[in-house]
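> data.cif is reproduced below (mmCIF, N, CA and C atoms).
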```cif
data_target
loop_
_atom_site.label_atom_id
_atom_site.label_comp_id
_atom_site.auth_asym_id
_atom_site.auth_seq_id
_atom_site.Cartn_x
_atom_site.Cartn_y
_atom_site.Cartn_z
N MET A 186 -91.84 5.36 -76.03
CA MET A 186 -90.97 5.70 -74.95
C MET A 186 -91.58 5.16 -73.67
N SER A 187 -90.75 4.61 -72.85
CA SER A 187 -91.25 3.99 -71.63
C SER A 187 -91.54 5.05 -70.58
N ILE A 188 -92.25 4.66 -69.57
CA ILE A 188 -92.65 5.57 -68.50
C ILE A 188 -91.43 6.08 -67.75
N TYR A 189 -90.39 5.23 -67.60
CA TYR A 189 -89.18 5.65 -66.90
C TYR A 189 -88.42 6.70 -67.69
N ALA A 190 -88.41 6.57 -68.98
CA ALA A 190 -87.74 7.54 -69.83
C ALA A 190 -88.47 8.87 -69.78
N GLN A 191 -89.80 8.82 -69.76
CA GLN A 191 -90.58 10.07 -69.69
C GLN A 191 -90.34 10.78 -68.34
N ILE A 192 -90.29 10.01 -67.28
CA ILE A 192 -90.03 10.59 -65.96
C ILE A 192 -88.64 11.22 -65.93
N ALA A 193 -87.66 10.55 -66.51
CA ALA A 193 -86.29 11.07 -66.54
C ALA A 193 -86.24 12.37 -67.35
N VAL A 194 -86.95 12.41 -68.48
CA VAL A 194 -86.96 13.62 -69.31
C VAL A 194 -87.61 14.77 -68.54
N VAL A 195 -88.69 14.50 -67.85
CA VAL A 195 -89.38 15.54 -67.08
C VAL A 195 -88.49 16.04 -65.94
N LEU A 196 -87.80 15.12 -65.24
CA LEU A 196 -86.90 15.52 -64.16
C LEU A 196 -85.74 16.36 -64.67
N ILE A 197 -85.17 15.96 -65.80
CA ILE A 197 -84.07 16.75 -66.39
C ILE A 197 -84.56 18.13 -66.79
N ALA A 198 -85.77 18.20 -67.36
CA ALA A 198 -86.33 19.50 -67.75
C ALA A 198 -86.56 20.37 -66.52
N LEU A 199 -87.06 19.77 -65.42
CA LEU A 199 -87.27 20.54 -64.19
C LEU A 199 -85.96 21.05 -63.60
N ILE A 200 -84.93 20.21 -63.64
CA ILE A 200 -83.62 20.61 -63.12
C ILE A 200 -83.05 21.76 -63.94
N VAL A 201 -83.16 21.65 -65.26
CA VAL A 201 -82.66 22.71 -66.14
C VAL A 201 -83.45 24.00 -65.90
N ALA A 202 -84.75 23.90 -65.75
CA ALA A 202 -85.59 25.08 -65.52
C ALA A 202 -85.25 25.71 -64.16
N ALA A 203 -85.06 24.89 -63.13
CA ALA A 203 -84.70 25.41 -61.81
C ALA A 203 -83.34 26.10 -61.85
N GLY A 204 -82.39 25.49 -62.53
CA GLY A 204 -81.06 26.10 -62.66
C GLY A 204 -81.12 27.43 -63.39
N GLY A 205 -81.90 27.47 -64.45
CA GLY A 205 -82.06 28.73 -65.19
C GLY A 205 -82.75 29.79 -64.33
N GLY A 206 -83.72 29.39 -63.54
CA GLY A 206 -84.41 30.34 -62.66
C GLY A 206 -83.48 30.91 -61.59
N VAL A 207 -82.66 30.04 -61.04
CA VAL A 207 -81.69 30.50 -60.03
C VAL A 207 -80.70 31.47 -60.66
N ARG A 208 -80.25 31.15 -61.86
CA ARG A 208 -79.28 32.02 -62.54
C ARG A 208 -79.90 33.39 -62.85
N VAL A 209 -81.12 33.39 -63.33
CA VAL A 209 -81.80 34.66 -63.61
C VAL A 209 -82.02 35.46 -62.32
N GLY A 210 -82.41 34.76 -61.24
CA GLY A 210 -82.62 35.43 -59.95
C GLY A 210 -81.35 36.06 -59.42
N LEU A 211 -80.23 35.33 -59.54
CA LEU A 211 -78.96 35.87 -59.08
C LEU A 211 -78.55 37.11 -59.88
N LYS A 212 -78.79 37.07 -61.20
CA LYS A 212 -78.45 38.23 -62.03
C LYS A 212 -79.31 39.43 -61.64
N LEU A 213 -80.59 39.19 -61.39
CA LEU A 213 -81.47 40.30 -60.98
C LEU A 213 -81.04 40.88 -59.63
N LYS A 214 -80.72 40.01 -58.69
CA LYS A 214 -80.30 40.48 -57.36
C LYS A 214 -78.98 41.22 -57.45
N GLN A 215 -78.05 40.71 -58.25
CA GLN A 215 -76.76 41.39 -58.43
C GLN A 215 -76.99 42.77 -59.04
N GLY A 216 -77.93 42.88 -59.98
CA GLY A 216 -78.26 44.18 -60.56
C GLY A 216 -78.80 45.14 -59.52
N GLU A 217 -79.64 44.63 -58.60
CA GLU A 217 -80.15 45.49 -57.52
C GLU A 217 -79.03 45.95 -56.61
N TRP A 218 -78.12 45.04 -56.27
CA TRP A 218 -77.00 45.42 -55.40
C TRP A 218 -76.11 46.46 -56.08
N ASP A 219 -75.84 46.24 -57.36
CA ASP A 219 -75.01 47.21 -58.09
C ASP A 219 -75.69 48.56 -58.17
N ALA A 220 -77.00 48.59 -58.38
CA ALA A 220 -77.73 49.85 -58.45
C ALA A 220 -77.69 50.56 -57.10
N ALA A 221 -77.82 49.82 -56.03
CA ALA A 221 -77.76 50.43 -54.69
C ALA A 221 -76.37 51.00 -54.42
N ARG A 222 -75.34 50.27 -54.83
CA ARG A 222 -73.98 50.75 -54.61
C ARG A 222 -73.71 52.02 -55.44
N VAL A 223 -74.17 52.04 -56.68
CA VAL A 223 -73.98 53.22 -57.53
C VAL A 223 -74.73 54.41 -56.94
N ALA A 224 -75.95 54.17 -56.44
CA ALA A 224 -76.73 55.26 -55.84
C ALA A 224 -76.05 55.80 -54.59
N SER A 225 -75.52 54.94 -53.75
CA SER A 225 -74.86 55.42 -52.55
C SER A 225 -73.57 56.17 -52.88
N THR A 226 -72.84 55.71 -53.90
CA THR A 226 -71.63 56.41 -54.32
C THR A 226 -71.96 57.78 -54.87
N GLU A 227 -73.02 57.87 -55.67
CA GLU A 227 -73.42 59.17 -56.23
C GLU A 227 -73.88 60.12 -55.12
N THR A 228 -74.60 59.60 -54.14
CA THR A 228 -75.05 60.42 -53.03
C THR A 228 -73.87 60.93 -52.22
N MET A 229 -72.88 60.08 -51.98
CA MET A 229 -71.70 60.48 -51.23
C MET A 229 -70.91 61.54 -51.99
N GLN A 230 -70.76 61.37 -53.30
CA GLN A 230 -70.04 62.35 -54.10
C GLN A 230 -70.77 63.69 -54.12
N ALA A 231 -72.11 63.65 -54.20
CA ALA A 231 -72.88 64.89 -54.18
C ALA A 231 -72.74 65.60 -52.84
N ALA A 232 -72.74 64.84 -51.75
CA ALA A 232 -72.58 65.43 -50.43
C ALA A 232 -71.19 66.05 -50.28
N GLN A 233 -70.17 65.37 -50.78
CA GLN A 233 -68.82 65.91 -50.69
C GLN A 233 -68.67 67.17 -51.53
N ALA A 234 -69.30 67.17 -52.71
CA ALA A 234 -69.24 68.37 -53.55
C ALA A 234 -69.95 69.53 -52.88
N GLY A 235 -71.09 69.27 -52.25
CA GLY A 235 -71.80 70.33 -51.53
C GLY A 235 -71.00 70.86 -50.37
N ALA A 236 -70.34 69.98 -49.64
CA ALA A 236 -69.50 70.42 -48.52
C ALA A 236 -68.32 71.22 -49.02
N ALA A 237 -67.72 70.80 -50.12
CA ALA A 237 -66.59 71.54 -50.67
C ALA A 237 -67.01 72.94 -51.11
N GLU A 238 -68.18 73.06 -51.70
CA GLU A 238 -68.67 74.37 -52.11
C GLU A 238 -68.93 75.25 -50.90
N ALA A 239 -69.50 74.69 -49.85
CA ALA A 239 -69.77 75.46 -48.64
C ALA A 239 -68.48 75.91 -47.97
N ILE A 240 -67.47 75.06 -47.97
CA ILE A 240 -66.19 75.43 -47.38
C ILE A 240 -65.51 76.51 -48.22
N ALA A 241 -65.64 76.42 -49.53
CA ALA A 241 -65.02 77.42 -50.41
C ALA A 241 -65.64 78.80 -50.23
N LYS A 242 -66.90 78.86 -49.81
CA LYS A 242 -67.58 80.14 -49.63
C LYS A 242 -67.21 80.84 -48.32
N LEU A 243 -66.57 80.12 -47.41
CA LEU A 243 -66.22 80.71 -46.12
C LEU A 243 -65.15 81.78 -46.29
N GLU A 244 -65.32 82.87 -45.57
CA GLU A 244 -64.34 83.95 -45.60
C GLU A 244 -63.68 84.03 -44.23
N VAL A 245 -62.36 84.09 -44.23
CA VAL A 245 -61.61 84.16 -42.98
C VAL A 245 -61.33 85.62 -42.70
N LYS A 246 -61.67 86.07 -41.49
CA LYS A 246 -61.43 87.45 -41.09
C LYS A 246 -60.66 87.44 -39.79
N ASN A 247 -59.61 88.23 -39.73
CA ASN A 247 -58.87 88.42 -38.49
C ASN A 247 -59.35 89.71 -37.87
N VAL A 248 -59.99 89.61 -36.74
CA VAL A 248 -60.57 90.77 -36.08
C VAL A 248 -60.02 90.86 -34.67
N THR A 249 -59.59 92.05 -34.28
CA THR A 249 -59.12 92.28 -32.92
C THR A 249 -60.27 92.86 -32.12
N ILE A 250 -60.58 92.25 -31.01
CA ILE A 250 -61.67 92.72 -30.16
C ILE A 250 -61.06 93.37 -28.94
N ARG A 251 -61.44 94.61 -28.72
CA ARG A 251 -60.97 95.32 -27.54
C ARG A 251 -62.18 95.61 -26.67
N GLN A 252 -62.11 95.13 -25.46
CA GLN A 252 -63.24 95.26 -24.57
C GLN A 252 -62.71 95.34 -23.14
N ALA A 253 -63.40 96.10 -22.32
CA ALA A 253 -62.99 96.21 -20.93
C ALA A 253 -63.14 94.86 -20.22
N VAL A 254 -62.21 94.57 -19.34
CA VAL A 254 -62.23 93.31 -18.61
C VAL A 254 -63.28 93.40 -17.52
N GLN A 255 -64.12 92.41 -17.46
CA GLN A 255 -65.13 92.38 -16.42
C GLN A 255 -64.72 91.33 -15.39
N ARG A 256 -64.76 91.73 -14.14
CA ARG A 256 -64.37 90.81 -13.08
C ARG A 256 -65.50 90.69 -12.08
N GLU A 257 -65.63 89.52 -11.56
CA GLU A 257 -66.62 89.29 -10.52
C GLU A 257 -65.90 89.00 -9.22
N VAL A 258 -66.38 89.62 -8.17
CA VAL A 258 -65.79 89.41 -6.86
C VAL A 258 -66.63 88.37 -6.13
N VAL A 259 -65.96 87.33 -5.70
CA VAL A 259 -66.65 86.27 -4.98
C VAL A 259 -66.33 86.44 -3.50
N THR A 260 -67.35 86.57 -2.72
CA THR A 260 -67.13 86.71 -1.27
C THR A 260 -67.46 85.38 -0.61
N LYS A 261 -66.60 85.01 0.32
CA LYS A 261 -66.81 83.80 1.09
C LYS A 261 -67.07 84.18 2.54
N GLU A 262 -68.07 83.59 3.09
CA GLU A 262 -68.39 83.89 4.47
C GLU A 262 -67.34 83.25 5.38
N VAL A 263 -66.90 84.01 6.37
CA VAL A 263 -65.92 83.53 7.33
C VAL A 263 -66.61 83.48 8.69
N PHE A 264 -66.44 82.38 9.34
CA PHE A 264 -67.12 82.19 10.61
C PHE A 264 -66.19 82.50 11.79
N ARG A 265 -65.34 83.51 11.67
CA ARG A 265 -64.44 83.83 12.78
C ARG A 265 -65.18 84.56 13.89
N ASP A 266 -66.30 85.16 13.58
CA ASP A 266 -67.06 85.87 14.60
C ASP A 266 -68.08 84.97 15.28
N CYS A 267 -68.06 83.69 14.98
CA CYS A 267 -69.02 82.75 15.55
C CYS A 267 -68.66 82.53 17.01
N ARG A 268 -69.63 82.66 17.87
CA ARG A 268 -69.41 82.48 19.31
C ARG A 268 -70.16 81.22 19.75
N SER A 269 -69.45 80.35 20.46
CA SER A 269 -70.06 79.15 20.99
C SER A 269 -70.06 79.23 22.50
N GLY A 270 -70.95 78.52 23.10
CA GLY A 270 -71.00 78.48 24.56
C GLY A 270 -69.89 77.60 25.11
N PRO A 271 -69.70 77.62 26.43
CA PRO A 271 -68.59 76.87 27.04
C PRO A 271 -68.75 75.35 26.86
N ILE A 272 -69.97 74.84 26.80
CA ILE A 272 -70.15 73.39 26.62
C ILE A 272 -69.74 72.98 25.20
N ALA A 273 -70.16 73.73 24.22
CA ALA A 273 -69.78 73.42 22.84
C ALA A 273 -68.29 73.58 22.65
N LEU A 274 -67.69 74.60 23.28
CA LEU A 274 -66.26 74.82 23.16
C LEU A 274 -65.48 73.69 23.81
N GLY A 275 -65.99 73.19 24.94
CA GLY A 275 -65.35 72.05 25.60
C GLY A 275 -65.39 70.81 24.71
N LEU A 276 -66.52 70.58 24.03
CA LEU A 276 -66.62 69.44 23.12
C LEU A 276 -65.66 69.59 21.94
N LEU A 277 -65.54 70.80 21.40
CA LEU A 277 -64.59 71.04 20.31
C LEU A 277 -63.16 70.80 20.76
N ASN A 278 -62.82 71.28 21.97
CA ASN A 278 -61.46 71.10 22.48
C ASN A 278 -61.16 69.63 22.72
N SER A 279 -62.14 68.88 23.25
CA SER A 279 -61.88 67.46 23.49
C SER A 279 -61.77 66.70 22.17
N ALA A 280 -62.52 67.11 21.16
CA ALA A 280 -62.41 66.46 19.85
C ALA A 280 -61.09 66.80 19.18
N ALA A 281 -60.55 67.99 19.47
CA ALA A 281 -59.27 68.39 18.88
C ALA A 281 -58.10 67.76 19.61
N GLY A 282 -58.35 67.16 20.75
CA GLY A 282 -57.27 66.47 21.47
C GLY A 282 -56.68 67.28 22.59
N ALA A 283 -57.37 68.33 23.03
CA ALA A 283 -56.86 69.14 24.15
C ALA A 283 -57.02 68.34 25.43
N SER A 284 -56.00 68.37 26.30
CA SER A 284 -56.06 67.58 27.53
C SER A 284 -56.80 68.30 28.65
N SER A 285 -56.77 69.61 28.65
CA SER A 285 -57.47 70.35 29.71
C SER A 285 -58.57 71.19 29.10
N PRO A 286 -59.63 71.44 29.84
CA PRO A 286 -60.69 72.27 29.29
C PRO A 286 -60.21 73.70 29.09
N ALA A 287 -60.85 74.40 28.21
CA ALA A 287 -60.46 75.78 27.89
C ALA A 287 -60.71 76.69 29.07
N THR A 288 -59.86 77.71 29.25
CA THR A 288 -59.97 78.62 30.39
C THR A 288 -61.01 79.69 30.14
N GLY A 289 -61.14 80.14 28.90
CA GLY A 289 -62.12 81.18 28.59
C GLY A 289 -63.11 80.70 27.55
N ALA A 290 -64.11 81.53 27.30
CA ALA A 290 -65.14 81.14 26.35
C ALA A 290 -64.63 81.19 24.92
N SER A 291 -63.57 81.94 24.65
CA SER A 291 -63.09 82.05 23.26
C SER A 291 -61.73 81.40 23.09
N ASP A 292 -61.26 80.62 24.07
CA ASP A 292 -59.95 79.99 23.95
C ASP A 292 -60.07 78.65 23.26
N VAL A 293 -59.33 78.48 22.20
CA VAL A 293 -59.21 77.21 21.50
C VAL A 293 -57.73 76.94 21.42
N PRO A 294 -57.28 75.74 21.72
CA PRO A 294 -55.84 75.49 21.70
C PRO A 294 -55.25 75.69 20.32
N GLY A 295 -54.00 76.08 20.25
CA GLY A 295 -53.32 76.33 19.00
C GLY A 295 -53.13 75.04 18.22
N SER A 296 -52.82 75.18 16.95
CA SER A 296 -52.66 74.01 16.10
C SER A 296 -51.20 73.67 15.92
N GLY A 297 -50.45 73.64 17.02
CA GLY A 297 -49.03 73.33 16.98
C GLY A 297 -48.79 71.85 16.78
N GLY A 298 -47.55 71.50 16.48
CA GLY A 298 -47.21 70.10 16.26
C GLY A 298 -47.17 69.34 17.57
N ALA A 299 -47.17 68.04 17.52
CA ALA A 299 -47.13 67.20 18.71
C ALA A 299 -45.74 67.26 19.31
N ASP A 300 -45.67 67.26 20.66
CA ASP A 300 -44.36 67.34 21.36
C ASP A 300 -43.67 66.03 21.39
#
```
Let me see whether you can do it: turn the structure in this file into structure tokens.


Amino acid sequence: MSIYAQIAVVLIALIVAAGGGVRVGLKLKQGEWDAARVASTETMQAAQAGAAEAIAKLEVKNVTIRQAVQREVVTKEVFRDCRSGPIALGLLNSAAGASSPATGASDVPGSGGAD
């Protein structure tokens, strides 16, 4: 047999061996994937069965609760008793749009509409 024929036989043998190795590897990997899928399905079914059992054990009770109503009183501070000096009152009146200064220390113009 010539050297070229021997090289061709060796190359064909290597190609066949590589193809067989790839095929075996794919089968092994597919087996791992299938095992993982079966395990996850079994885990999910076990979890659902456990949840169903827990839900089945629940007891529904209709209970009327009678209790006195508790109320909280919220107080808000009102600043109607706040006294300002004539200078501060004049500034407030000018900011509010009053044309003349206030006559007394407690006079603030009314909040009427514009004429």

> Could you tell me how far atom CA of Glu227 of chain A sits from atom CA of Ala241 of chain A, in Å to one decimal place?

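Taking atom CA of Ala241 of chain A as the start and atom CA of Glu227 of chain A as the end point, the length is 20.9 Å.
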
> If I take atom N of Gly210 of chain A and atom CA of Thr228 of chain A, how far is one from the other in Å, to one decimal?

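We find that atom N of Gly210 of chain A and atom CA of Thr228 of chain A lie 27.9 Å from each other.
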
> I'd like the interatomic distance between atom CA of Arg208 of chain A and atom N of Ile192 of chain A, to a tenth of an Å.

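Taking atom CA of Arg208 of chain A and atom N of Ile192 of chain A, their separation equals 25.1 Å.
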